[in-house]
Amino acid sequence: MTTDSFRSPIDVAALDAADPLAAVRDRFTLPEGIVYLDGNSLGALPTQTPERVARVMHDEWGTGLIRSWNSADWIGAPQRVGAKIAQLIGAQAHEVVVADSTSVNLYKLIVAALGAQGGRRTVLSEPGNFPTDLYMVETAIATLGAGHRLELAPRDTLVSRITDDTALVLLTHVHYKTADLYDMAAVTAAAHAKGALVLWDLSHSVGAVPLDLDGCHADLAVGCGYKFLNGGPGAPAFLFVAERHHATLRSPLGGWMGHARPFAFVDEYEPAAGIARFLCGTPPILAVAALESGVDLHLELDRQAVYTKARALAAFLIEQVQTRCSAYGVELVGPPAGAPRGSHVSVRHPHGYAVMQALIARGVIGDFRAPDIMRFGLTPLYLRFADVARAVDILEDVLRSEAWRAPEYQVRHAVT
Ligand SMILES: Cc1ncc(COP(=O)(O)O)c(C=O)c1O
């Protein structure tokens, strides 16, 4: 499937019939009658996961009890699952570990990078980056109290703003709102030319777009487990540190799981030699088991087929929305059809929140990002072209009928 643009009339059934991933949909639990376009925010439940987690609970916890730290290799789970994620991001097995949340991992790696960058004082990012990324820089800088500052540069000038004072460039590889995609190799090379390190947030990239961290000479990365990896709500995150930085970077959170010999119970902190130094506390084994199940499913699949279908779904949605919904004030945000992008599509509408609520009430689940963005995640593992076509039918109907004006769709929920 190489489709990046579509000519009318579109034979949706033929597209689905030609989909090499069509059977993967059956590997997920999806409610009847729902078109789920939010897998970029919370991935769907793999059918194998409840059984996997139940086994860990009943056999490993219930029967194995504390022995399972050794007999079921609970203690090795962060590295074991990290090594599996490494395969999805083009890293070596010992460069990735599962730990904490993306926010906490950002904090650990920001402070570690600043500590390794001597007198350099600037962290460079872009305005509109995912909030937690910017907040974590601000709080890391405040904690360090060493005169660092956060500088924000729009992406078209960002590379030119990297200077001899730049300690770290922090970017989200696929933008959470627009799905704009950075050229990881080019930005990394430009940063290295000035002596800066780069920390990539892969939350909207892993499992959705091709990644080759080692091929790009990437330094550092973090990413969520609950989005395209289907690890479940609040799944643990992962972090990547290139092997060449293992000896020099130190985590600011020196918990015992990052110690060289945690079970020596000595008083002095000595960081582990490798990626384990970025662990902090005891891993959440049930949550790691659910994440491992999602990652295992990804590892069964032809990754090229996944990325190709993701692009085709995005191109299909964009063309359909532009053709059928532009007259109602809907405007594409982010790359045009066929351009490099992440695997979600965002459109702007002045009443985007209410329109999204009306869609959700009709079984089309996307999300809303303030102030006016409706976001549709296109998960190639379980979405059919027919699902996308149905979503656009319903969107067009909601817009044409102005069904979104109903009072119940104006009520703001805590999570949008
Ligand atoms: C780019 C990006 N980074 C980080 C996060 C969230 O991090 P955490 O799991 O720590 O809440 C998100 C959540 O949507 C995100 O989109």
# chains A, B, ... in the order shown; residues from 1 in each chain; ligands from 1
$ residues_around --residues "region 36-48 of chain A" --least-positions-apart "5" --cutoff "6 Å" --atoms "only C-alpha atoms" --output "compact mmCIF listing (two decimals) with all heavy atoms, in the first residue's frame"
# COMPACT_ATOMS: atom_id res chain seq x y z
N ARG A 27 -6.85 -8.26 16.94
CA ARG A 27 -5.99 -8.43 18.13
C ARG A 27 -6.30 -7.38 19.20
O ARG A 27 -5.60 -7.28 20.19
CB ARG A 27 -4.52 -8.32 17.72
CG ARG A 27 -4.09 -9.27 16.59
CD ARG A 27 -3.91 -10.69 17.09
NE ARG A 27 -2.95 -10.78 18.16
CZ ARG A 27 -1.63 -10.91 18.00
NH1 ARG A 27 -1.13 -10.99 16.79
NH2 ARG A 27 -0.81 -10.99 19.02
N PHE A 28 -7.33 -6.56 18.93
CA PHE A 28 -7.71 -5.50 19.88
C PHE A 28 -9.15 -5.65 20.31
O PHE A 28 -10.00 -6.11 19.53
CB PHE A 28 -7.53 -4.12 19.24
CG PHE A 28 -6.07 -3.75 19.07
CD1 PHE A 28 -5.38 -4.11 17.92
CD2 PHE A 28 -5.40 -3.11 20.09
CE1 PHE A 28 -4.03 -3.80 17.78
CE2 PHE A 28 -4.05 -2.80 19.96
CZ PHE A 28 -3.36 -3.15 18.80
N THR A 29 -9.42 -5.23 21.54
CA THR A 29 -10.78 -5.18 22.05
C THR A 29 -11.33 -3.80 21.72
O THR A 29 -10.86 -2.80 22.25
CB THR A 29 -10.77 -5.36 23.58
OG1 THR A 29 -10.16 -6.61 23.87
CG2 THR A 29 -12.16 -5.30 24.17
N TYR A 226 1.66 4.73 26.74
CA TYR A 226 0.21 4.51 26.68
C TYR A 226 -0.42 4.96 25.37
O TYR A 226 -1.63 4.84 25.19
CB TYR A 226 -0.51 5.18 27.86
CG TYR A 226 -0.09 6.62 28.14
CD1 TYR A 226 -0.56 7.66 27.37
CD2 TYR A 226 0.77 6.92 29.18
CE1 TYR A 226 -0.20 8.97 27.63
CE2 TYR A 226 1.15 8.22 29.46
CZ TYR A 226 0.67 9.25 28.68
OH TYR A 226 1.05 10.54 28.93
N LYS A 227 0.37 5.51 24.46
CA LYS A 227 -0.20 6.01 23.21
C LYS A 227 -0.15 4.91 22.15
O LYS A 227 -0.85 3.92 22.25
CB LYS A 227 0.55 7.27 22.79
CG LYS A 227 0.43 8.41 23.78
CD LYS A 227 1.26 9.60 23.32
CE LYS A 227 1.28 10.72 24.34
NZ LYS A 227 0.02 11.42 24.50
N PHE A 228 0.68 5.08 21.13
CA PHE A 228 0.71 4.08 20.05
C PHE A 228 1.24 2.72 20.52
O PHE A 228 1.10 1.73 19.81
CB PHE A 228 1.55 4.60 18.88
CG PHE A 228 0.92 5.73 18.13
CD1 PHE A 228 1.30 7.04 18.35
CD2 PHE A 228 -0.08 5.50 17.19
CE1 PHE A 228 0.72 8.10 17.65
CE2 PHE A 228 -0.68 6.55 16.49
CZ PHE A 228 -0.27 7.85 16.72
N ASN A 230 0.20 1.13 23.11
CA ASN A 230 -0.93 0.37 23.68
C ASN A 230 -0.61 -0.26 25.03
O ASN A 230 -1.04 -1.38 25.33
CB ASN A 230 -1.38 -0.74 22.69
CG ASN A 230 -1.61 -0.19 21.29
OD1 ASN A 230 -0.79 -0.38 20.39
ND2 ASN A 230 -2.70 0.52 21.12
N ILE A 365 -14.67 8.89 18.28
CA ILE A 365 -13.91 9.40 19.42
C ILE A 365 -12.57 9.96 18.98
O ILE A 365 -11.68 9.23 18.55
CB ILE A 365 -13.69 8.30 20.49
CG1 ILE A 365 -15.05 7.76 20.96
CG2 ILE A 365 -12.87 8.84 21.66
CD1 ILE A 365 -14.94 6.67 22.01
N GLY A 366 -12.46 11.29 19.04
CA GLY A 366 -11.18 11.96 18.89
C GLY A 366 -10.97 12.78 20.14
O GLY A 366 -11.58 12.53 21.17
N PHE A 376 -7.47 13.94 15.48
CA PHE A 376 -7.90 12.60 15.11
C PHE A 376 -6.67 11.70 14.97
O PHE A 376 -5.85 11.91 14.09
CB PHE A 376 -8.66 12.63 13.77
CG PHE A 376 -9.88 13.51 13.79
CD1 PHE A 376 -9.86 14.79 13.24
CD2 PHE A 376 -11.05 13.07 14.38
CE1 PHE A 376 -10.98 15.60 13.27
CE2 PHE A 376 -12.19 13.88 14.41
CZ PHE A 376 -12.15 15.15 13.86
N GLY A 377 -6.56 10.74 15.87
CA GLY A 377 -5.43 9.81 15.83
C GLY A 377 -5.71 8.69 14.85
O GLY A 377 -6.79 8.09 14.87
N LEU A 378 -4.73 8.38 14.02
CA LEU A 378 -4.92 7.37 12.97
C LEU A 378 -3.99 6.19 13.27
O LEU A 378 -2.82 6.20 12.93
CB LEU A 378 -4.63 7.99 11.61
CG LEU A 378 -5.63 9.11 11.31
CD1 LEU A 378 -5.14 10.01 10.19
CD2 LEU A 378 -6.99 8.54 11.00
N THR A 379 -4.57 5.22 13.93
CA THR A 379 -3.76 4.11 14.41
C THR A 379 -3.82 2.98 13.39
O THR A 379 -4.86 2.35 13.23
CB THR A 379 -4.34 3.61 15.76
OG1 THR A 379 -4.74 4.75 16.51
CG2 THR A 379 -3.31 2.86 16.52
$ residues_near_ligand --ligand "ligand 1" --cutoff "8 Å" --atoms "only C-alpha atoms and all ligand atoms" --output "number ranges by chain"
A: 41, 101-105, 129-133, 172, 174-176, 201-204, 223-226, 234-237
$ write_last_selection --atoms "C-alpha atoms" --output "PDB file, in the first residue's frame"
ATOM      1  CA  SER A  41      -3.575   9.609  23.239  1.00  0.00           C
ATOM      2  CA  SER A 101       6.541   8.803  33.490  1.00  0.00           C
ATOM      3  CA  THR A 102       7.614  10.828  30.471  1.00  0.00           C
ATOM      4  CA  SER A 103       7.588  13.975  32.611  1.00  0.00           C
ATOM      5  CA  VAL A 104       9.897  12.458  35.224  1.00  0.00           C
ATOM      6  CA  ASN A 105      12.191  11.055  32.550  1.00  0.00           C
ATOM      7  CA  ASN A 129       5.999  22.369  22.610  1.00  0.00           C
ATOM      8  CA  PHE A 130       4.036  19.936  24.779  1.00  0.00           C
ATOM      9  CA  PRO A 131       3.570  21.805  28.082  1.00  0.00           C
ATOM     10  CA  THR A 132       5.178  19.211  30.341  1.00  0.00           C
ATOM     11  CA  ASP A 133       8.403  19.445  28.313  1.00  0.00           C
ATOM     12  CA  THR A 172       9.028  16.796  20.454  1.00  0.00           C
ATOM     13  CA  VAL A 174       6.070  14.662  16.189  1.00  0.00           C
ATOM     14  CA  HIS A 175       4.215  17.732  17.407  1.00  0.00           C
ATOM     15  CA  TYR A 176       1.302  16.777  19.644  1.00  0.00           C
ATOM     16  CA  ASP A 201      10.325  13.494  23.045  1.00  0.00           C
ATOM     17  CA  LEU A 202       9.077  10.515  21.031  1.00  0.00           C
ATOM     18  CA  SER A 203       5.635  10.294  22.651  1.00  0.00           C
ATOM     19  CA  HIS A 204       3.760  10.742  19.359  1.00  0.00           C
ATOM     20  CA  GLY A 223       8.469   8.603  25.210  1.00  0.00           C
ATOM     21  CA  CYS A 224       5.054   7.521  26.478  1.00  0.00           C
ATOM     22  CA  GLY A 225       3.949   3.905  26.780  1.00  0.00           C
ATOM     23  CA  TYR A 226       0.206   4.510  26.676  1.00  0.00           C
ATOM     24  CA  GLY A 234      -0.737   5.710  32.733  1.00  0.00           C
ATOM     25  CA  ALA A 235       1.634   3.047  31.385  1.00  0.00           C
ATOM     26  CA  PRO A 236       5.264   3.532  32.363  1.00  0.00           C
ATOM     27  CA  ALA A 237       7.383   5.571  29.979  1.00  0.00           C
TER      28      ALA A 237
END
$ select_by_dssp --residues "region 163-386 of chain A" --states "strand (DSSP E or B)" --output "number ranges by chain"
A: 166-172, 174, 181, 197-201, 220-223, 237-241, 259, 271, 331-333, 344-348, 364-365, 367-369, 373-377
$ residues_around --residues "Ala403 (chain A)" --least-positions-apart "2" --cutoff "12 Å" --atoms "only C-alpha atoms" --output "ChimeraX atom specification"
/A:351,354-359,361-362,394-401,405-410
$ select_by_dssp --residues "region 109-295 of chain A" --states "helix (DSSP H, G or I)" --output "PyMOL selection string"
chain A and resi 109-116+131-144+159-161+184-193+243-245+256-258+262-264+275-278+285-295
$ write_last_selection --atoms "C-alpha atoms" --output "mmCIF file, in the first residue's frame"
data_model
loop_
_atom_site.group_PDB
_atom_site.id
_atom_site.type_symbol
_atom_site.label_atom_id
_atom_site.label_comp_id
_atom_site.auth_asym_id
_atom_site.auth_seq_id
_atom_site.Cartn_x
_atom_site.Cartn_y
_atom_site.Cartn_z
ATOM 1 C CA LEU A 109 17.600 13.705 31.338
ATOM 2 C CA ILE A 110 17.404 17.527 31.277
ATOM 3 C CA VAL A 111 19.306 17.775 34.558
ATOM 4 C CA ALA A 112 21.754 15.050 33.496
ATOM 5 C CA ALA A 113 22.442 16.844 30.213
ATOM 6 C CA LEU A 114 22.909 20.247 31.847
ATOM 7 C CA GLY A 115 25.291 18.708 34.350
ATOM 8 C CA ALA A 116 27.405 17.280 31.536
ATOM 9 C CA PRO A 131 3.570 21.805 28.082
ATOM 10 C CA THR A 132 5.178 19.211 30.341
ATOM 11 C CA ASP A 133 8.403 19.445 28.313
ATOM 12 C CA LEU A 134 8.651 23.185 28.894
ATOM 13 C CA TYR A 135 7.523 22.961 32.508
ATOM 14 C CA MET A 136 10.166 20.336 33.208
ATOM 15 C CA VAL A 137 12.877 22.596 31.801
ATOM 16 C CA GLU A 138 11.660 25.486 33.945
ATOM 17 C CA THR A 139 11.550 23.396 37.101
ATOM 18 C CA ALA A 140 14.912 21.746 36.378
ATOM 19 C CA ILE A 141 16.476 25.169 35.902
ATOM 20 C CA ALA A 142 14.918 26.431 39.128
ATOM 21 C CA THR A 143 16.160 23.400 41.062
ATOM 22 C CA LEU A 144 19.686 23.683 39.707
ATOM 23 C CA VAL A 159 18.462 25.532 14.058
ATOM 24 C CA SER A 160 19.952 28.984 13.479
ATOM 25 C CA ARG A 161 19.412 29.758 17.173
ATOM 26 C CA MET A 184 15.895 14.134 13.529
ATOM 27 C CA ALA A 185 19.178 13.526 11.706
ATOM 28 C CA ALA A 186 19.485 17.119 10.456
ATOM 29 C CA VAL A 187 18.607 18.807 13.769
ATOM 30 C CA THR A 188 20.883 16.458 15.694
ATOM 31 C CA ALA A 189 23.798 17.120 13.320
ATOM 32 C CA ALA A 190 23.262 20.898 13.545
ATOM 33 C CA ALA A 191 23.207 20.738 17.342
ATOM 34 C CA HIS A 192 26.308 18.565 17.510
ATOM 35 C CA ALA A 193 28.148 20.974 15.210
ATOM 36 C CA GLU A 243 25.817 4.391 24.897
ATOM 37 C CA ARG A 244 28.536 7.051 24.525
ATOM 38 C CA HIS A 245 26.829 9.128 27.247
ATOM 39 C CA TRP A 256 18.375 2.557 44.810
ATOM 40 C CA MET A 257 17.275 0.889 41.561
ATOM 41 C CA GLY A 258 19.838 3.054 39.746
ATOM 42 C CA PRO A 262 21.122 -2.116 44.924
ATOM 43 C CA PHE A 263 21.155 -5.181 47.118
ATOM 44 C CA ALA A 264 24.483 -4.366 48.722
ATOM 45 C CA ILE A 275 21.376 2.564 31.383
ATOM 46 C CA ALA A 276 20.219 1.236 34.789
ATOM 47 C CA ARG A 277 21.603 4.417 36.379
ATOM 48 C CA PHE A 278 18.500 6.183 35.059
ATOM 49 C CA ILE A 285 5.326 -4.670 37.576
ATOM 50 C CA LEU A 286 1.625 -4.969 36.650
ATOM 51 C CA ALA A 287 1.825 -1.849 34.513
ATOM 52 C CA VAL A 288 5.096 -2.958 32.935
ATOM 53 C CA ALA A 289 3.447 -6.297 32.057
ATOM 54 C CA ALA A 290 0.635 -4.494 30.223
ATOM 55 C CA LEU A 291 3.142 -2.324 28.396
ATOM 56 C CA GLU A 292 5.236 -5.343 27.422
ATOM 57 C CA SER A 293 2.133 -6.968 25.957
ATOM 58 C CA GLY A 294 1.502 -3.923 23.745
ATOM 59 C CA VAL A 295 5.129 -3.756 22.671
#
